[in-house]
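A short worksheet on the structure shown next.
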Amino acid sequence: MTTNSVSLPDARPVRVRFAPSPTGFLHIGGARTALFNWLYARHTGGTFLLRIEDTDAARNSQEAVEVILTGLRWLGLDWDEGPLTGDASAPGKGAVGPYFQSQRGDRYRERVAWLVANGHAYEHEGAIRFRMPRDPIVIPDLVVGKVTRELTDREKLEPDFVIVRSDGQPVFHLVNVVDDLDMGITHVIRGEDHLSNTAKHIALFRAFGVAPPEYAHIPLILNIDGSKMSKRDKGASLLSYIEEGFAPEAVANYLCLLGWSPKGNREVVSLPEVVSLFDLPQILRHNARFDLKKLHWLNGEYIKTMSGERFHELAVQALQRMGFNTAAFPAAYVKAAVETAKPKVKQFTEVRHFAAFYFRDELEFDTAELRTELLATDRVLLGRLRAAFAAVAAWDAKSSEAALKAVATEAAVKIGLLVHPLRLAVSGSPVGPSLYHALEVLGREKVLQRLDWVLNQAPA
RNA sequence: GACCCUAUCGUCUAGCGGUUAGGACACCGCCCUUUCACGGCGGGUGCACGGGUUCGAUUCCCGUUAGGGUCGCCA
């Protein structure tokens, strides 16, 4: 029997929560904690609650809460109980609210008074301290196993810890436990950074005379170099993935793969399927490093199978964020243009390279060198290509391809000699969508215009 | 300093005493091709180290090392 197979079937319906502090920032690790809680609730048919731990007035604002709500909604993590907006005083959804700690002061005062009255806590220099047991506390953990936590040397000097500051504000350990108790939380799924603190929480639950919830401490997400991911690190904020053009389903899928596996050599797994496969004991115990390249690949996988409509929606969104006024172009043109980028794009910010040229009046080169390179091409050859294009009867991908190949054959050159400068001339970039399809979408007029521009420039 | 957790390719992982240690990303090579990209095929790289236990350890135990976490009138 391994140490972590400790869970017996529990009659109580599962109630889990994500309890972030509104810092104006949703950490990617926090997002994964929320995801794992959500997965467990959905897997067990339980309830997922969102609780805002805004006891620290200094870092508390409505906007900061909205960041969390927006991030969770973007990932597709809906909560059964919790706030509806960032407004702490507004009513939330659920029977055990308020779901903002700033609104629960009475509960905390009541609980603290009880602890003091029953000898579990006492006032000391204006603050209230909890009488912490001196003996080691055993933490049964669904992922880590049985952990015996002894006091550290510092704690031995003063084992009792503050639960209410001298200014009257209750402290995290107290409010966290009181809320979990009052909200009927059955499983606490949180980052491993809380494992050591759990001894305090268990002691508090016992003082209140109730059994602590089940615990599941999940490993942390580290930077790719193994250092801890702090707020400052690139990619630490969930918001950055929204801005960098990732699809939420890809990010959620990738997060699932960190510390958990669907087995069977699979990587692409939809959230509904993860819901059915997910369970706590299978979570890995070691930290994972965040590999942006794999997320990038995974995002590409999702884009490949994405409907044209959804791709269109997200691509246009990305273009507009980059300042392209796609609305100024005919809808059919935008649709066709964006479509040519779909097979090549792995991230929505990349539509800039694959579709921006459709929406620019002036040719813009990726680099100055490319401009020089284009102006150095054989004008005679390019002129013949222009003439052939002008003579094509019906302008489409097939006919422009045929025309280009005919010119190449006639001139006895490899088609690459035409293709490369042509691509540069119409898009300003050496990489892009299927060239002939791009020509078709762009329209003959614009193609000839851009070729003329090159032909009229002084040779490099 | 003390306490706690962890350790399979560069990265994410499968493996739960006997395997040619599997997959994916990344990387390299080849093919396809619209000299790019996309796609296809192929390739290399791994059980941190040292002791046990065992007929046999990647797998179990102990230690070392390394990484991470915690010890706050922050959450």
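Going by the structure tokens order, chains are called A, B, ..., each with residues numbered from 1, while ligands are numbered from 1 in the order shown.
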
Residues of segment 208-447 of chain A in alpha helix (DSSP H), written as a PyMOL selection string: chain A and resi 238-243+248-256+271-277+292-305+308-321+331-341+351-355+368-375+379-391+397-411+416-427+435-442+444-447

- Near segment 46-54 of chain B, counting only C-alpha atoms (C1' of nucleotides), which residues have an atom at most 9 Å away, once you skip same-chain residues fewer than 2 positions from it, shown as a list in words? A7, U8, C9, G17, A21, G56, A57, U58, C60, C61, C62, G63, U64, U65 and A66 of chain B

- Just the residues within 9 Å of segment 409-416 of chain A, please, counting only C-alpha atoms (C1' of nucleotides), with nothing from its chain fewer than 3 positions along; format it as a PyMOL selection string. (chain A and resi 381+404-406+419-421) or (chain B and resi 34-35)

Residues of the last selection are to be written out with N, CA, C and O atoms (P, O5', C5', C4', C3', O3' and C1' of nucleotides), as a PDB file, in the first residue's frame.
ATOM      1  N   LEU A 381      12.987  39.588 -66.064  1.00  0.00           N
ATOM      2  CA  LEU A 381      12.206  38.414 -65.678  1.00  0.00           C
ATOM      3  C   LEU A 381      10.913  38.831 -64.971  1.00  0.00           C
ATOM      4  O   LEU A 381       9.826  38.334 -65.276  1.00  0.00           O
ATOM      5  N   LEU A 404       2.910  31.749 -64.064  1.00  0.00           N
ATOM      6  CA  LEU A 404       4.263  31.842 -63.504  1.00  0.00           C
ATOM      7  C   LEU A 404       5.141  30.717 -64.036  1.00  0.00           C
ATOM      8  O   LEU A 404       6.291  30.930 -64.424  1.00  0.00           O
ATOM      9  N   LYS A 405       4.589  29.520 -64.085  1.00  0.00           N
ATOM     10  CA  LYS A 405       5.367  28.377 -64.538  1.00  0.00           C
ATOM     11  C   LYS A 405       5.718  28.503 -66.023  1.00  0.00           C
ATOM     12  O   LYS A 405       6.815  28.108 -66.448  1.00  0.00           O
ATOM     13  N   ALA A 406       4.803  29.075 -66.779  1.00  0.00           N
ATOM     14  CA  ALA A 406       5.070  29.274 -68.203  1.00  0.00           C
ATOM     15  C   ALA A 406       6.247  30.233 -68.399  1.00  0.00           C
ATOM     16  O   ALA A 406       7.138  29.981 -69.224  1.00  0.00           O
ATOM     17  N   VAL A 419       9.331  32.843 -57.752  1.00  0.00           N
ATOM     18  CA  VAL A 419       8.466  32.745 -56.578  1.00  0.00           C
ATOM     19  C   VAL A 419       8.940  33.641 -55.432  1.00  0.00           C
ATOM     20  O   VAL A 419       8.151  34.384 -54.838  1.00  0.00           O
ATOM     21  N   HIS A 420      10.217  33.553 -55.155  1.00  0.00           N
ATOM     22  CA  HIS A 420      10.754  34.297 -54.015  1.00  0.00           C
ATOM     23  C   HIS A 420      10.565  35.810 -54.162  1.00  0.00           C
ATOM     24  O   HIS A 420       9.988  36.450 -53.280  1.00  0.00           O
ATOM     25  N   PRO A 421      11.023  36.394 -55.286  1.00  0.00           N
ATOM     26  CA  PRO A 421      10.804  37.839 -55.431  1.00  0.00           C
ATOM     27  C   PRO A 421       9.326  38.229 -55.516  1.00  0.00           C
ATOM     28  O   PRO A 421       8.929  39.280 -55.011  1.00  0.00           O
TER      29      PRO A 421
ATOM     30  P     U B  34       5.955  23.546 -56.304  1.00  0.00           P
ATOM     31  O5'   U B  34       6.436  24.837 -55.509  1.00  0.00           O
ATOM     32  C5'   U B  34       7.031  25.930 -56.235  1.00  0.00           C
ATOM     33  C4'   U B  34       6.902  27.135 -55.302  1.00  0.00           C
ATOM     34  C3'   U B  34       7.406  26.819 -53.916  1.00  0.00           C
ATOM     35  O3'   U B  34       8.640  27.454 -53.636  1.00  0.00           O
ATOM     36  C1'   U B  34       5.227  27.835 -53.880  1.00  0.00           C
ATOM     37  P     U B  35       9.675  28.261 -54.066  1.00  0.00           P
ATOM     38  O5'   U B  35      10.622  27.902 -52.823  1.00  0.00           O
ATOM     39  C5'   U B  35      11.024  26.555 -52.610  1.00  0.00           C
ATOM     40  C4'   U B  35      12.281  26.644 -51.781  1.00  0.00           C
ATOM     41  C3'   U B  35      12.110  27.757 -50.736  1.00  0.00           C
ATOM     42  O3'   U B  35      11.786  27.293 -49.440  1.00  0.00           O
ATOM     43  C1'   U B  35      14.096  28.116 -52.100  1.00  0.00           C
TER      44        U B  35
END

Would you kindly return, as a PyMOL selection string, each protein, DNA or RNA residue with an atom no farther than 9 Å from any atom of A14 of chain B, considering only C-alpha atoms (C1' of nucleotides) and excluding same-chain residues fewer than 6 positions away? (chain A and resi 261+263-265) or (chain B and resi 22-23)

Kindly assemble as a tab-separated table a list of the chain A residues that lie within 6 Å of chain B, each paired with its nearest atom pair and their distance in Å to one decimal, using only C-alpha atoms (C1' of nucleotides), sorted first by chain and then by ascending residue number.
residue	atom	partner	partner_atom	distance
A:Thr152	CA	B:A2	C1'	4.6
A:Asp153	CA	B:A2	C1'	4.6
A:Arg165	CA	B:C73	C1'	4.3
A:Asp193	CA	B:G69	C1'	5.0
A:Ser196	CA	B:U70	C1'	5.2
A:Asn265	CA	B:G23	C1'	4.7
A:His286	CA	B:U6	C1'	5.0
A:Lys294	CA	B:C25	C1'	4.7
A:Lys344	CA	B:C38	C1'	5.7
A:Gly416	CA	B:U35	C1'	5.8
A:Pro430	CA	B:C36	C1'	5.7
A:Val431	CA	B:C36	C1'	4.4
A:Leu435	CA	B:U34	C1'	5.8

- Item | Residues near G43 of chain B, cut-off 12 Å, only C-alpha atoms (C1' of nucleotides), skip fewer than 4 positions along chain, as an NGL selection string | :B and (27-30)

How would the residues just picked look written out with N, CA, C and O atoms (P, O5', C5', C4', C3', O3' and C1' of nucleotides) as a PDB file, in the first residue's frame?
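See again.pdb below for the written result:
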ATOM      1  P     C B  27      13.296  23.617 -33.123  1.00  0.00           P
ATOM      2  O5'   C B  27      14.623  22.744 -32.988  1.00  0.00           O
ATOM      3  C5'   C B  27      15.718  23.214 -32.226  1.00  0.00           C
ATOM      4  C4'   C B  27      16.804  22.165 -32.179  1.00  0.00           C
ATOM      5  C3'   C B  27      17.219  21.609 -33.530  1.00  0.00           C
ATOM      6  O3'   C B  27      18.154  22.455 -34.188  1.00  0.00           O
ATOM      7  C1'   C B  27      16.898  19.818 -32.019  1.00  0.00           C
ATOM      8  P     C B  28      18.079  22.561 -35.808  1.00  0.00           P
ATOM      9  O5'   C B  28      18.787  21.218 -36.290  1.00  0.00           O
ATOM     10  C5'   C B  28      20.152  20.966 -35.978  1.00  0.00           C
ATOM     11  C4'   C B  28      20.531  19.578 -36.427  1.00  0.00           C
ATOM     12  C3'   C B  28      20.150  19.233 -37.864  1.00  0.00           C
ATOM     13  O3'   C B  28      21.086  19.720 -38.804  1.00  0.00           O
ATOM     14  C1'   C B  28      19.493  17.471 -36.428  1.00  0.00           C
ATOM     15  P     G B  29      20.595  20.027 -40.327  1.00  0.00           P
ATOM     16  O5'   G B  29      20.344  18.582 -40.948  1.00  0.00           O
ATOM     17  C5'   G B  29      21.444  17.710 -41.207  1.00  0.00           C
ATOM     18  C4'   G B  29      20.938  16.402 -41.737  1.00  0.00           C
ATOM     19  C3'   G B  29      20.028  16.487 -42.952  1.00  0.00           C
ATOM     20  O3'   G B  29      20.748  16.618 -44.155  1.00  0.00           O
ATOM     21  C1'   G B  29      19.094  15.001 -41.363  1.00  0.00           C
ATOM     22  P     C B  30      20.049  17.314 -45.446  1.00  0.00           P
ATOM     23  O5'   C B  30      18.997  16.210 -45.922  1.00  0.00           O
ATOM     24  C5'   C B  30      19.444  14.991 -46.525  1.00  0.00           C
ATOM     25  C4'   C B  30      18.277  14.060 -46.710  1.00  0.00           C
ATOM     26  C3'   C B  30      17.149  14.570 -47.592  1.00  0.00           C
ATOM     27  O3'   C B  30      17.417  14.396 -48.977  1.00  0.00           O
ATOM     28  C1'   C B  30      16.240  13.621 -45.626  1.00  0.00           C
TER      29        C B  30
END

Quick check, in Å to one decimal: how far apart do atom CA of His312 of chain A and atom CA of Lys342 of chain A lie?
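So the two atoms, atom CA of His312 of chain A and atom CA of Lys342 of chain A, lie 8.6 Å apart.
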
Between A:Ser102, A:Asn253, A:Thr349, A:Asn118, smallest distance to Phe36 of chain A by only C-alpha atoms belongs to A:Asn253

Nearby residues (only C-alpha atoms (C1' of nucleotides)) at most 7 Å from segment 85-89 of chain A, same-chain spacing under 5 positions excluded, as a list in words: Gln62, Glu63, Val65, Glu66 and Phe100 of chain A

*Pick out each residue of segment 23-270 of chain A that DSSP on the backbone tags as strand (DSSP E); I need them as an MDAnalysis selection string.*
chainID A and resid 47:50 121:124 127:130 137:141 145:149 161:164 187:191 214:218 221:222

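Comparing the minimum interatomic distances between Ile28 of chain A and each of A:Ser227, A:Ser240, A:Ser429, A:Thr70, counting only C-alpha atoms, we find that A:Ser240 sits nearest.
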
Could you work out how far atom CA of Arg321 of chain A lies from atom CA of Gly30 of chain A, giving the answer in Å with one decimal?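 Atom CA of Gly30 of chain A sits 26.4 Å away from atom CA of Arg321 of chain A.
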